[in-house]
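Asks: What follows is structure_29.cif; its format and atoms are mmCIF, C-alpha atoms.
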```cif
data_query
loop_
_atom_site.label_atom_id
_atom_site.label_comp_id
_atom_site.auth_asym_id
_atom_site.auth_seq_id
_atom_site.Cartn_x
_atom_site.Cartn_y
_atom_site.Cartn_z
CA MET A 1 0.00 0.00 0.00
CA LYS A 2 1.19 3.48 -0.84
CA ASN A 3 1.71 6.46 1.42
CA LYS A 4 0.72 4.69 4.60
CA ILE A 5 2.15 6.68 7.51
CA LYS A 6 2.93 4.32 10.39
CA ILE A 7 3.28 5.60 13.94
CA GLY A 8 4.14 2.36 15.68
CA THR A 9 2.09 2.26 18.87
CA GLY A 10 0.63 -1.15 18.02
CA LEU A 11 3.13 -2.94 20.26
CA THR A 12 2.14 -0.73 23.17
CA ALA A 13 -1.52 -1.51 22.55
CA LEU A 14 -0.76 -5.27 22.46
CA CYS A 15 1.10 -5.10 25.76
CA LEU A 16 -1.73 -3.15 27.34
CA ALA A 17 -4.25 -5.68 26.04
CA LEU A 18 -2.26 -8.46 27.76
CA LEU A 19 -2.12 -6.39 30.95
CA MET A 20 -5.89 -5.88 30.80
CA THR A 21 -6.44 -9.65 30.47
CA VAL A 22 -4.26 -10.30 33.52
CA SER A 23 -6.00 -7.57 35.49
CA LEU A 24 -9.48 -8.90 34.75
CA LEU A 25 -8.45 -12.39 35.90
CA SER A 26 -6.82 -11.12 39.08
CA GLY A 27 -9.34 -8.41 40.00
CA CYS A 28 -6.67 -5.68 39.95
CA SER A 29 -6.78 -2.72 37.59
CA VAL A 30 -4.34 -2.22 34.74
CA PHE A 31 -3.39 1.03 36.45
CA GLU A 32 -2.19 -0.96 39.47
CA TYR A 33 -0.02 -3.19 37.29
CA VAL A 34 1.49 -0.28 35.38
CA PHE A 35 1.90 2.25 38.17
CA GLY A 36 1.79 0.14 41.32
CA GLY A 37 -1.27 1.66 42.97
CA GLU A 38 -4.49 3.59 42.57
CA THR A 39 -4.65 7.25 41.68
CA THR A 40 -6.18 9.81 44.00
CA SER A 41 -6.27 12.71 41.53
CA ALA A 42 -9.40 14.26 40.06
CA GLU A 43 -9.75 11.93 37.09
CA GLY A 44 -9.59 8.85 39.30
CA THR A 45 -12.09 9.92 41.94
CA VAL A 46 -15.36 8.04 42.35
CA THR A 47 -17.19 10.95 43.96
CA PRO A 48 -20.28 11.77 41.86
CA GLY A 49 -21.30 15.30 41.01
CA PRO A 50 -20.30 18.15 38.72
CA SER A 51 -16.60 18.15 37.95
CA ASP A 52 -14.23 18.30 35.05
CA SER A 53 -11.21 16.13 34.36
CA GLY A 54 -9.20 19.11 33.18
CA THR A 55 -9.57 21.78 30.59
CA GLY A 56 -6.52 20.86 28.58
CA THR A 57 -5.62 24.50 28.20
CA PRO A 58 -2.43 24.76 26.15
CA SER A 59 0.57 26.31 27.82
CA SER A 60 2.55 29.01 26.07
CA SER A 61 5.26 26.47 25.32
CA SER A 62 2.94 23.87 23.80
CA ALA A 63 0.42 25.97 21.89
CA GLU A 64 0.78 25.95 18.12
CA THR A 65 -0.42 28.54 15.65
CA GLY A 66 -2.22 27.81 12.41
CA GLY A 67 1.00 27.68 10.42
CA ASP A 68 1.71 28.32 6.77
CA ILE A 69 -1.11 26.80 4.76
CA THR A 70 0.82 27.06 1.52
CA SER A 71 3.18 24.33 2.72
CA VAL A 72 0.53 21.58 2.53
CA PRO A 73 1.11 19.17 -0.37
CA ALA A 74 -1.36 19.89 -3.17
CA ASP A 75 -1.34 16.32 -4.52
CA THR A 76 -3.32 14.01 -2.28
CA THR A 77 -4.55 11.72 -5.04
CA ASP A 78 -2.45 8.70 -4.07
CA ARG A 79 -3.92 7.96 -0.65
CA ILE A 80 -5.32 4.71 0.66
CA THR A 81 -8.95 4.23 1.68
CA GLU A 82 -10.48 1.39 3.65
CA THR A 83 -12.15 -1.54 1.93
CA PHE A 84 -15.32 -2.78 3.59
CA VAL A 85 -16.41 -5.58 1.25
CA SER A 86 -14.40 -8.63 0.21
CA GLU A 87 -14.83 -11.24 -2.50
CA THR A 88 -14.40 -15.00 -2.16
CA SER A 89 -13.54 -17.59 -4.77
CA SER A 90 -17.16 -18.75 -4.67
CA GLY A 91 -18.55 -15.32 -5.57
CA PRO A 92 -19.75 -12.07 -3.98
CA VAL A 93 -20.30 -11.88 -0.24
CA VAL A 94 -23.75 -10.91 1.02
CA THR A 95 -23.62 -7.29 2.18
CA TYR A 96 -25.79 -4.86 4.11
CA PRO A 97 -25.97 -1.05 4.05
CA ASP A 98 -24.10 0.47 6.99
CA PRO A 99 -26.52 2.81 8.85
CA LEU A 100 -23.73 5.34 9.52
CA THR A 101 -22.04 5.41 6.10
CA GLY A 102 -24.42 3.87 3.58
CA LEU A 103 -21.57 1.67 2.37
CA PRO A 104 -22.01 -2.08 1.81
CA VAL A 105 -20.61 -4.12 4.72
CA THR A 106 -20.57 -7.84 5.42
CA LYS A 107 -22.15 -7.50 8.88
CA ASP A 108 -25.68 -6.28 9.55
CA TYR A 109 -25.20 -3.23 11.80
CA SER A 110 -28.87 -2.25 11.80
CA LYS A 111 -29.21 -3.69 15.31
CA VAL A 112 -25.85 -2.49 16.64
CA ARG A 113 -25.92 0.66 18.73
CA PRO A 114 -23.15 3.06 17.72
CA VAL A 115 -20.87 4.55 20.35
CA ALA A 116 -19.62 8.13 20.56
CA ILE A 117 -16.23 8.66 22.22
CA ALA A 118 -14.98 12.06 23.41
CA ILE A 119 -11.41 12.33 22.09
CA ASP A 120 -8.62 14.65 23.23
CA ASN A 121 -7.46 16.92 20.40
CA LEU A 122 -4.57 18.86 21.89
CA SER A 123 -1.45 18.64 19.74
CA SER A 124 0.29 16.85 22.61
CA ALA A 125 -2.38 14.12 22.43
CA ALA A 126 -1.90 13.54 18.70
CA PRO A 127 -1.73 11.17 17.01
CA GLN A 128 -4.83 9.69 18.63
CA SER A 129 -5.55 5.97 18.69
CA GLY A 130 -8.44 4.43 16.77
CA ILE A 131 -9.57 7.75 15.31
CA SER A 132 -9.62 6.48 11.70
CA ARG A 133 -12.29 3.95 12.72
CA ALA A 134 -14.78 6.82 13.05
CA ASP A 135 -17.68 6.53 10.63
CA ILE A 136 -18.72 10.04 11.69
CA LEU A 137 -16.29 12.52 13.26
CA ILE A 138 -17.56 15.69 14.93
CA GLU A 139 -15.30 18.60 15.91
CA CYS A 140 -16.37 21.38 18.27
CA MET A 141 -14.55 24.05 20.19
CA VAL A 142 -14.05 24.00 23.93
CA GLU A 143 -12.22 26.57 26.06
CA SER A 144 -9.01 28.44 25.23
CA GLY A 145 -9.31 28.10 21.46
CA ILE A 146 -8.84 24.34 21.42
CA SER A 147 -11.16 21.76 19.89
CA ARG A 148 -12.39 18.36 21.01
CA LEU A 149 -13.54 15.47 18.85
CA ILE A 150 -16.47 13.08 19.04
CA MET A 151 -15.83 9.92 17.07
CA ILE A 152 -18.86 7.78 16.25
CA THR A 153 -18.62 4.18 15.13
CA ASN A 154 -20.59 0.96 15.22
CA LYS A 155 -17.45 -1.16 14.66
CA TYR A 156 -16.06 -1.45 18.20
CA GLU A 157 -14.96 -5.03 17.72
CA GLY A 158 -12.48 -6.13 20.38
CA ASN A 159 -8.97 -5.14 21.45
CA GLU A 160 -8.67 -2.05 19.24
CA VAL A 161 -7.66 1.01 21.26
CA TYR A 162 -9.39 4.41 21.38
CA GLY A 163 -8.18 7.60 22.98
CA PRO A 164 -7.05 9.62 24.74
CA VAL A 165 -10.58 9.92 26.15
CA ARG A 166 -11.54 13.29 27.64
CA SER A 167 -14.36 15.04 29.50
CA VAL A 168 -17.58 16.18 27.86
CA ARG A 169 -19.56 19.40 27.58
CA ASP A 170 -23.36 19.69 27.39
CA TYR A 171 -23.35 20.45 23.65
CA MET A 172 -21.08 17.45 23.04
CA VAL A 173 -23.65 15.27 24.80
CA SER A 174 -26.38 16.73 22.61
CA LEU A 175 -24.40 16.20 19.40
CA SER A 176 -23.72 12.57 20.32
CA GLN A 177 -27.42 11.95 20.87
CA ALA A 178 -28.28 13.21 17.39
CA PHE A 179 -26.95 9.84 16.19
CA GLY A 180 -28.52 7.60 18.84
CA THR A 181 -25.22 6.68 20.46
CA LEU A 182 -23.99 5.35 23.76
CA PHE A 183 -21.58 8.08 24.91
CA VAL A 184 -18.09 7.33 26.27
CA GLY A 185 -16.05 10.00 28.05
CA ALA A 186 -13.94 10.89 31.08
CA GLY A 187 -15.89 13.13 33.40
CA TYR A 188 -17.80 16.28 32.51
CA SER A 189 -18.08 20.00 32.97
CA PRO A 190 -20.82 21.25 35.33
CA THR A 191 -23.22 21.83 32.42
CA GLY A 192 -22.17 18.50 30.95
CA TYR A 193 -23.18 16.78 34.20
CA SER A 194 -26.53 18.57 34.23
CA SER A 195 -27.27 17.61 30.64
CA ILE A 196 -26.51 13.94 31.32
CA THR A 197 -28.67 13.72 34.43
CA GLU A 198 -31.58 15.87 33.24
CA ASN A 199 -31.85 14.04 29.90
CA LYS A 200 -31.11 10.60 31.41
CA ILE A 201 -28.26 10.02 28.97
CA GLU A 202 -26.56 6.63 29.10
CA TYR A 203 -22.90 7.51 29.65
CA ILE A 204 -19.82 5.33 30.17
CA ASP A 205 -17.64 7.47 32.44
CA GLY A 206 -13.92 6.85 32.85
CA VAL A 207 -13.82 9.05 35.96
CA HIS A 208 -16.88 8.52 38.14
CA ASP A 209 -17.70 4.87 37.47
CA ARG A 210 -16.08 2.93 40.33
CA TYR A 211 -15.48 0.03 37.90
CA ALA A 212 -14.07 2.28 35.16
CA MET A 213 -10.63 0.69 35.18
CA SER A 214 -12.09 -2.67 34.24
CA GLY A 215 -12.66 -1.09 30.83
CA PHE A 216 -10.38 1.96 30.70
CA PHE A 217 -6.61 1.98 31.16
CA ARG A 218 -3.70 4.43 31.21
CA ASP A 219 -1.27 4.32 28.31
CA PRO A 220 2.14 4.48 30.02
CA VAL A 221 3.85 6.09 27.03
CA ARG A 222 1.25 8.84 26.78
CA TYR A 223 1.31 9.22 30.57
CA GLU A 224 5.07 9.82 30.50
CA ASN A 225 5.16 12.04 27.42
CA SER A 226 1.89 14.01 27.63
CA GLY A 227 0.73 13.74 31.22
CA TYR A 228 -1.95 12.02 33.26
CA GLU A 229 -4.95 13.84 31.76
CA HIS A 230 -3.94 12.82 28.23
CA SER A 231 -3.42 9.09 28.78
CA LEU A 232 -6.85 7.52 29.43
CA MET A 233 -7.72 4.90 26.81
CA ILE A 234 -10.43 2.31 26.21
CA THR A 235 -10.84 -0.72 23.95
CA GLY A 236 -13.84 -2.07 22.11
CA GLN A 237 -14.03 -4.89 24.66
CA GLY A 238 -13.78 -2.33 27.45
CA ILE A 239 -16.80 -0.49 26.04
CA LYS A 240 -18.78 -3.71 25.91
CA ALA A 241 -17.77 -4.68 29.44
CA LEU A 242 -18.77 -1.35 30.97
CA ALA A 243 -22.00 -1.23 28.96
CA ALA A 244 -22.91 -4.62 30.40
CA HIS A 245 -21.95 -3.49 33.93
CA ASN A 246 -24.24 -0.46 33.65
CA GLY A 247 -27.07 -2.29 31.93
CA PHE A 248 -26.76 -0.24 28.72
CA SER A 249 -28.08 -1.96 25.60
CA LEU A 250 -25.76 -2.30 22.60
CA ALA A 251 -28.42 -3.91 20.43
CA ASP A 252 -30.72 -0.95 19.78
CA ASN A 253 -32.16 -0.77 16.27
CA VAL A 254 -30.42 2.19 14.63
CA ALA A 255 -32.27 3.99 11.88
CA GLU A 256 -30.31 5.68 9.09
CA LYS A 257 -29.32 9.23 10.01
CA PHE A 258 -28.73 10.31 6.44
CA SER A 259 -30.44 9.54 3.16
CA PHE A 260 -27.54 8.01 1.25
CA SER A 261 -26.86 7.74 -2.46
CA ASN A 262 -23.97 6.47 -4.56
CA ASN A 263 -24.53 9.17 -7.19
CA VAL A 264 -24.38 12.52 -5.45
CA VAL A 265 -23.22 15.39 -7.68
CA LEU A 266 -23.57 18.87 -6.22
CA ALA A 267 -24.42 21.79 -8.50
CA GLY A 268 -22.81 24.39 -6.25
CA GLY A 269 -19.43 26.10 -6.19
CA ASP A 270 -15.97 24.56 -6.06
CA ALA A 271 -14.72 23.22 -2.72
CA THR A 272 -11.43 21.44 -3.37
CA HIS A 273 -9.43 22.85 -0.45
CA ALA A 274 -11.32 24.02 2.62
CA VAL A 275 -9.38 26.01 5.22
CA LEU A 276 -11.13 26.46 8.58
CA THR A 277 -9.37 28.74 11.05
CA TYR A 278 -11.19 28.29 14.35
CA SER A 279 -8.61 30.11 16.46
CA SER A 280 -4.91 30.97 16.60
CA TYR A 281 -4.38 27.46 17.97
CA GLN A 282 -6.50 25.30 15.66
CA GLN A 283 -6.66 25.50 11.90
CA VAL A 284 -8.08 22.59 9.89
CA GLN A 285 -7.52 21.92 6.20
CA LEU A 286 -9.53 19.50 4.08
CA ILE A 287 -7.93 18.77 0.72
CA TYR A 288 -9.97 16.94 -1.88
CA SER A 289 -8.57 13.95 -3.77
CA LYS A 290 -10.46 13.38 -7.00
CA LYS A 291 -8.90 9.92 -7.36
CA GLU A 292 -10.17 8.79 -3.94
CA ASN A 293 -13.23 11.07 -3.93
CA ALA A 294 -12.38 12.04 -0.36
CA TYR A 295 -11.25 15.00 1.70
CA TYR A 296 -7.98 14.42 3.59
CA ARG A 297 -7.73 16.13 6.94
CA TYR A 298 -4.86 18.26 8.23
CA GLN A 299 -4.88 20.18 11.51
CA TYR A 300 -2.75 22.66 13.47
CA GLY A 301 -2.12 24.21 10.09
CA THR A 302 -0.21 21.63 8.06
CA LYS A 303 -0.06 18.41 10.08
CA ALA A 304 -1.68 15.38 8.48
CA HIS A 305 -4.22 13.95 10.94
CA ILE A 306 -3.01 10.40 11.49
CA ASP A 307 -4.30 7.42 13.46
CA ALA A 308 -1.55 6.20 15.82
CA GLU A 309 -2.72 2.58 15.55
CA SER A 310 -3.39 2.13 11.82
CA GLY A 311 -1.10 4.82 10.42
CA TYR A 312 -3.85 6.07 8.11
CA GLN A 313 -4.58 9.73 7.49
CA LEU A 314 -8.19 10.65 8.22
CA SER A 315 -10.34 11.15 5.13
CA PHE A 316 -14.04 11.77 4.54
CA THR A 317 -16.46 11.58 1.64
CA ASN A 318 -18.76 14.16 3.24
CA VAL A 319 -18.05 17.40 5.11
CA PHE A 320 -20.70 19.40 6.98
CA ILE A 321 -19.77 22.88 8.22
CA LEU A 322 -22.47 23.98 10.67
CA PHE A 323 -22.61 27.48 12.08
CA ALA A 324 -23.83 27.80 15.68
CA ASP A 325 -23.81 30.64 18.20
CA GLN A 326 -20.94 30.33 20.70
CA GLU A 327 -20.37 32.42 23.81
CA LYS A 328 -18.34 32.08 26.99
CA ILE A 329 -20.42 30.93 29.94
CA GLU A 330 -20.80 33.84 32.33
CA GLY A 331 -19.00 33.18 35.58
CA ASP A 332 -17.20 30.05 34.38
CA THR A 333 -13.62 30.44 35.63
CA GLU A 334 -12.27 28.05 32.98
CA GLY A 335 -13.76 30.01 30.09
CA ARG A 336 -16.01 27.18 28.95
CA LEU A 337 -18.46 27.79 26.11
CA SER A 338 -22.18 27.74 25.49
CA VAL A 339 -22.79 26.39 21.98
CA GLY A 340 -26.24 26.49 20.40
CA VAL A 341 -26.70 23.09 18.78
CA VAL A 342 -30.48 22.97 19.33
CA GLY A 343 -32.71 25.08 17.10
CA SER A 344 -31.62 25.96 13.59
CA GLY A 345 -28.77 27.49 11.65
CA THR A 346 -26.96 27.63 8.35
CA GLY A 347 -23.91 25.89 6.96
CA TYR A 348 -22.34 24.15 3.98
CA TYR A 349 -22.29 20.61 2.66
CA LEU A 350 -19.19 19.51 0.74
CA THR A 351 -18.67 16.40 -1.35
CA GLY A 352 -17.02 15.57 -4.64
CA GLY A 353 -15.05 18.83 -4.66
CA LYS A 354 -18.24 20.95 -4.63
CA TYR A 355 -20.39 22.63 -1.98
CA ILE A 356 -23.92 23.87 -1.45
CA PRO A 357 -25.32 26.19 1.24
CA ILE A 358 -27.60 24.35 3.67
CA THR A 359 -29.71 24.87 6.76
CA TRP A 360 -29.76 22.58 9.79
CA LYS A 361 -32.49 22.03 12.35
CA ARG A 362 -32.89 20.14 15.63
CA ASP A 363 -36.04 20.48 17.73
CA THR A 364 -34.76 19.02 21.03
CA PHE A 365 -31.57 18.18 22.93
CA THR A 366 -31.63 14.60 21.60
CA SER A 367 -33.14 15.17 18.12
CA SER A 368 -31.48 14.03 14.92
CA PHE A 369 -30.30 16.69 12.49
CA VAL A 370 -32.59 17.67 9.64
CA PHE A 371 -30.62 19.14 6.73
CA SER A 372 -32.06 21.00 3.76
CA SER A 373 -30.88 23.14 0.84
CA ASP A 374 -32.62 25.76 -1.29
CA SER A 375 -34.21 22.94 -3.25
CA GLY A 376 -35.33 21.00 -0.18
CA SER A 377 -33.92 17.81 1.32
CA PHE A 378 -30.90 16.26 -0.36
CA LYS A 379 -29.06 12.96 -0.59
CA VAL A 380 -25.70 12.43 1.13
CA ALA A 381 -22.91 10.52 -0.60
CA ALA A 382 -22.25 7.06 0.81
CA GLY A 383 -19.05 7.20 2.87
CA LYS A 384 -17.57 8.62 6.05
CA THR A 385 -18.66 12.04 7.31
CA PHE A 386 -16.89 14.91 9.08
CA ILE A 387 -19.09 17.44 10.89
CA THR A 388 -17.59 20.63 12.27
CA VAL A 389 -19.50 23.07 14.48
CA VAL A 390 -18.18 26.57 13.80
CA ASP A 391 -18.86 29.84 15.62
CA SER A 392 -21.52 31.81 13.74
CA LYS A 393 -19.33 34.90 14.04
CA LEU A 394 -16.88 33.31 11.57
CA LYS A 395 -19.45 32.98 8.80
CA ASP A 396 -18.65 35.11 5.74
CA THR A 397 -15.17 35.87 7.03
CA SER A 398 -11.73 34.91 5.75
CA ALA A 399 -11.54 32.30 8.53
CA ILE A 400 -13.74 30.01 6.42
CA ASN A 401 -12.43 29.40 2.90
CA LEU A 402 -13.98 26.55 0.94
CA ASN A 403 -11.72 26.69 -2.12
CA TYR A 404 -8.32 27.96 -1.07
CA LYS A 405 -5.81 27.93 -3.93
CA LEU A 406 -2.18 27.08 -3.22
CA SER A 407 0.20 29.64 -4.62
#
```
Will you turn the file into structure tokens for me?
Replies:
Amino acid sequence: MKNKIKIGTGLTALCLALLMTVSLLSGCSVFEYVFGGETTSAEGTVTPGPSDSGTGTPSSSSAETGGDITSVPADTTDRITETFVSETSSGPVVTYPDPLTGLPVTKDYSKVRPVAIAIDNLSSAAPQSGISRADILIECMVESGISRLIMITNKYEGNEVYGPVRSVRDYMVSLSQAFGTLFVGAGYSPTGYSSITENKIEYIDGVHDRYAMSGFFRDPVRYENSGYEHSLMITGQGIKALAAHNGFSLADNVAEKFSFSNNVVLAGGDATHAVLTYSSYQQVQLIYSKKENAYYRYQYGTKAHIDAESGYQLSFTNVFILFADQEKIEGDTEGRLSVGVVGSGTGYYLTGGKYIPITWKRDTFTSSFVFSSDSGSFKVAAGKTFITVVDSKLKDTSAINLNYKLS
């Protein structure tokens, strides 16, 4: 395979999987095996109630600016994409439409509940593990100009590793519920806690669940290099184990969230190189490959967004840019945000190197998104989807460029 960028944390993940097996048999946590005892810091406490596992605010020495966007390679046409369907010598394999992507898959996922995992997106946490397994990836801003990711997948199979897992905000909870997911995170902000309790959200919590370390674990390499707050990981088996412990169903019938088509051709303007400057710290670029019919993701200016486990760069068939009102919460000492993801707003839909203006609508905290264009509802191309929630104040500014041309 060409242009596969390998990070090489697979051995670490294998060792941790063995440690987890030993810990489950012995009744001790992986943390005890790795570090020799239990933690007493905020992210390890079992005391319920509003708290946050850390804001992840970048220090002056670690913060990165957007960088020089002209240094990104223009040719991304020789990338590798995942193959979901195989052939046998006896003929085609029976396939089913994936509810999250519309792609043909060999397993019927219509009765598999997808999970949403809150993923750390500080530069010190990159490359993240398991991120390329996301069928839908959502990015939203948190405090101090940094973003956090919500990866959604229905393919949490076994010992694959996800993380680092971080705390959630109320609007992150709401966004996860738009896709009928079981949410996985590590603690919550005060408003995040309120949204979970008031809406009775089923939440796998790596901080407040007293049995959390039977599913979560600390990556010792990340712990040493990035710090305690940026080292909490979980596996597919860990998700299943903690779902069973909490009595959360993983067999809910999941209806399609998009109306998919294999022949989507937009009649709008060109969108071959989107540049999204959220803040001085986070700038995302999405460069379209005609050969792969996918947008390849770069962040922090020019860094290819890579999965630490697979070595693949993240790519998406669909991109939704949704504008939502964002304001600092009055009196919040950490500078956390209020983000309006219930109601309606405008945005853009990108696929195939083109874009159209759209509107989005959600009636309640847990409602699915309803998207429409000037001509009414529209089909979404079968494939993976990236959704970014952008401050409404950035609309019609130079911070959002859908067709940037390299000089």
Asks: Using only C-alpha atoms, tabulate the residues of stretch 316-356 of chain A lying at most 6 Å from any atom of stretch 253-268 of chain A, each with its closest atom pair and that distance in Å to one decimal, by chain and increasing residue number, as JSON lines.
Replies:
```
{"residue": "A:Lys354", "atom": "CA", "partner": "A:Leu266", "partner_atom": "CA", "distance": 5.9}
{"residue": "A:Tyr355", "atom": "CA", "partner": "A:Gly268", "partner_atom": "CA", "distance": 5.2}
{"residue": "A:Ile356", "atom": "CA", "partner": "A:Gly268", "partner_atom": "CA", "distance": 5.0}
```
Asks: Grab the residues selected above and save them as a compact mmCIF listing (two decimals), in the frame of the given file with C-alpha atoms.
Replies:
```txt
# COMPACT_ATOMS: atom_id res chain seq x y z
CA LYS A 354 -18.24 20.95 -4.63
CA TYR A 355 -20.39 22.63 -1.98
CA ILE A 356 -23.92 23.87 -1.45
```
Asks: Could you check which residues have any atom within 10 Å of (-9.8, 1.3, 31.4), counting all atoms listed in the file with coordinates taken straight from the file, and then list them as a list in words?
Replies: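 Selection result: Met20, Ser29, Val30, Phe31, Gly206, Val207, Tyr211, Ala212, Met213, Ser214, Gly215, Phe216, Phe217, Arg218, Asp219, Leu232, Met233, Ile234, Thr235, Gly238, Ile239 and Leu242 of chain A.
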Asks: Keeping C-alpha atoms for every residue in the selection just given, could you write it to a file as an mmCIF file, in the coordinates of the input?
Replies:
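Result file result.cif:
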```
data_model
loop_
_atom_site.group_PDB
_atom_site.id
_atom_site.type_symbol
_atom_site.label_atom_id
_atom_site.label_comp_id
_atom_site.auth_asym_id
_atom_site.auth_seq_id
_atom_site.Cartn_x
_atom_site.Cartn_y
_atom_site.Cartn_z
ATOM 1 C CA MET A 20 -5.890 -5.880 30.800
ATOM 2 C CA SER A 29 -6.780 -2.720 37.590
ATOM 3 C CA VAL A 30 -4.340 -2.220 34.740
ATOM 4 C CA PHE A 31 -3.390 1.030 36.450
ATOM 5 C CA GLY A 206 -13.920 6.850 32.850
ATOM 6 C CA VAL A 207 -13.820 9.050 35.960
ATOM 7 C CA TYR A 211 -15.480 0.030 37.900
ATOM 8 C CA ALA A 212 -14.070 2.280 35.160
ATOM 9 C CA MET A 213 -10.630 0.690 35.180
ATOM 10 C CA SER A 214 -12.090 -2.670 34.240
ATOM 11 C CA GLY A 215 -12.660 -1.090 30.830
ATOM 12 C CA PHE A 216 -10.380 1.960 30.700
ATOM 13 C CA PHE A 217 -6.610 1.980 31.160
ATOM 14 C CA ARG A 218 -3.700 4.430 31.210
ATOM 15 C CA ASP A 219 -1.270 4.320 28.310
ATOM 16 C CA LEU A 232 -6.850 7.520 29.430
ATOM 17 C CA MET A 233 -7.720 4.900 26.810
ATOM 18 C CA ILE A 234 -10.430 2.310 26.210
ATOM 19 C CA THR A 235 -10.840 -0.720 23.950
ATOM 20 C CA GLY A 238 -13.780 -2.330 27.450
ATOM 21 C CA ILE A 239 -16.800 -0.490 26.040
ATOM 22 C CA LEU A 242 -18.770 -1.350 30.970
#
```
Asks: Which residues come within 10 Å of A:Tyr203, counting all atoms listed in the file, excluding same-chain residues fewer than 3 positions away, as a list in words?
Replies: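 Skipping anything fewer than 3 positions along the chain leaves Val115, Ala116, Val173, Thr181, Leu182, Phe183, Val184, Gly185, Ala186, Gly187, Ile196, Thr197, Lys200, Gly206, Asp209, Leu242, Ala243, Asn246 and Phe248 of chain A.
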Asks: Please report the interatomic distance between atom CA of A:Gln285 and atom CA of A:Lys303 in Å with one decimal.
Replies: 9.1 Å
Asks: Between atom CA of A:Lys111 and atom CA of A:Ala241, measure the distance and give it in Å to one decimal.
Replies: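 It comes out at 18.2 Å.
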Asks: Could you jot down the atom CA of A:Met151 to atom CA of A:Asn403 separation for me, Å, one decimal place?
Replies: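 Atom-to-atom, atom CA of A:Met151 to atom CA of A:Asn403, that is 25.8 Å.
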Asks: What would the list of residues within 7 Å of (-15.7, 12.5, 11.2) (file frame) look like as a short mmCIF file (atom, residue, chain, number, x, y, z; two decimals) with C-alpha atoms, in the coordinates of the input, if only C-alpha atoms are what count?
Replies:
```cif
data_model
loop_
_atom_site.label_atom_id
_atom_site.label_comp_id
_atom_site.auth_asym_id
_atom_site.auth_seq_id
_atom_site.Cartn_x
_atom_site.Cartn_y
_atom_site.Cartn_z
CA ALA A 134 -14.78 6.82 13.05
CA ASP A 135 -17.68 6.53 10.63
CA ILE A 136 -18.72 10.04 11.69
CA LEU A 137 -16.29 12.52 13.26
CA ILE A 138 -17.56 15.69 14.93
CA MET A 151 -15.83 9.92 17.07
CA PHE A 316 -14.04 11.77 4.54
CA LYS A 384 -17.57 8.62 6.05
CA THR A 385 -18.66 12.04 7.31
CA PHE A 386 -16.89 14.91 9.08
CA ILE A 387 -19.09 17.44 10.89
#
```
Asks: So which one's closest to A:Ser338, A:Met141, A:Ala304, A:Val221, A:Leu149? Using only C-alpha atoms, please.
Replies: A:Met141
Asks: For the file shown, report as an mmCIF file with C-alpha atoms, keeping the file's coordinate frame the outcome of the PyMOL selection byres ((chain A and resi 274) around 9) at residue level.
Replies:
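Result went into expr-v5.cif, see below:
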```cif
data_model
loop_
_atom_site.group_PDB
_atom_site.id
_atom_site.type_symbol
_atom_site.label_atom_id
_atom_site.label_comp_id
_atom_site.auth_asym_id
_atom_site.auth_seq_id
_atom_site.Cartn_x
_atom_site.Cartn_y
_atom_site.Cartn_z
ATOM 1 C CA ALA A 271 -14.720 23.220 -2.720
ATOM 2 C CA THR A 272 -11.430 21.440 -3.370
ATOM 3 C CA HIS A 273 -9.430 22.850 -0.450
ATOM 4 C CA VAL A 275 -9.380 26.010 5.220
ATOM 5 C CA LEU A 276 -11.130 26.460 8.580
ATOM 6 C CA VAL A 284 -8.080 22.590 9.890
ATOM 7 C CA GLN A 285 -7.520 21.920 6.200
ATOM 8 C CA LEU A 286 -9.530 19.500 4.080
ATOM 9 C CA ILE A 287 -7.930 18.770 0.720
ATOM 10 C CA TYR A 288 -9.970 16.940 -1.880
ATOM 11 C CA ILE A 400 -13.740 30.010 6.420
ATOM 12 C CA ASN A 401 -12.430 29.400 2.900
ATOM 13 C CA LEU A 402 -13.980 26.550 0.940
ATOM 14 C CA ASN A 403 -11.720 26.690 -2.120
ATOM 15 C CA TYR A 404 -8.320 27.960 -1.070
#
```
Asks: Give the answer as one residue: which of A:Gly301, A:Ile131, A:Ile152, A:Ala251 has the shortest atom-to-atom distance to A:Asp108, using only C-alpha atoms?
Replies: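 Nearest candidate to A:Asp108 out of A:Gly301, A:Ile131, A:Ile152, A:Ala251: A:Ala251.
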Asks: Selected by the PyMOL selection byres ((chain A and resi 170) around 6) in the shown coordinates: which residues, as a short mmCIF file (atom, residue, chain, number, x, y, z; two decimals) with C-alpha atoms, in the frame of the given file?
Replies:
```cif
data_model
loop_
_atom_site.label_atom_id
_atom_site.label_comp_id
_atom_site.auth_asym_id
_atom_site.auth_seq_id
_atom_site.Cartn_x
_atom_site.Cartn_y
_atom_site.Cartn_z
CA ARG A 169 -19.56 19.40 27.58
CA TYR A 171 -23.35 20.45 23.65
CA MET A 172 -21.08 17.45 23.04
CA VAL A 173 -23.65 15.27 24.80
CA THR A 191 -23.22 21.83 32.42
CA GLY A 192 -22.17 18.50 30.95
CA SER A 195 -27.27 17.61 30.64
#
```
Asks: Which residues match the PyMOL selection byres ((chain A and resi 293) around 10) in the file above, as a PyMOL selection string?
Replies: chain A and resi 77+81+288-292+294-296+315-318+351-353+383
Asks: Which of these, A:Thr366, A:Gln237, A:Thr346, A:Ser132, has the shortest distance to A:Ile306 once you count all atoms listed in the file?
Replies: A:Ser132
Asks: Using only C-alpha atoms, which of A:Pro114, A:Pro92, A:Gly343, A:Gly102 sits nearest A:Ser249?
Replies: A:Pro114
Asks: Which one is closest to A:Ala118: A:Glu160, A:Asp205, A:Glu327, A:Glu224? Count all atoms listed in the file.
Replies: A:Asp205
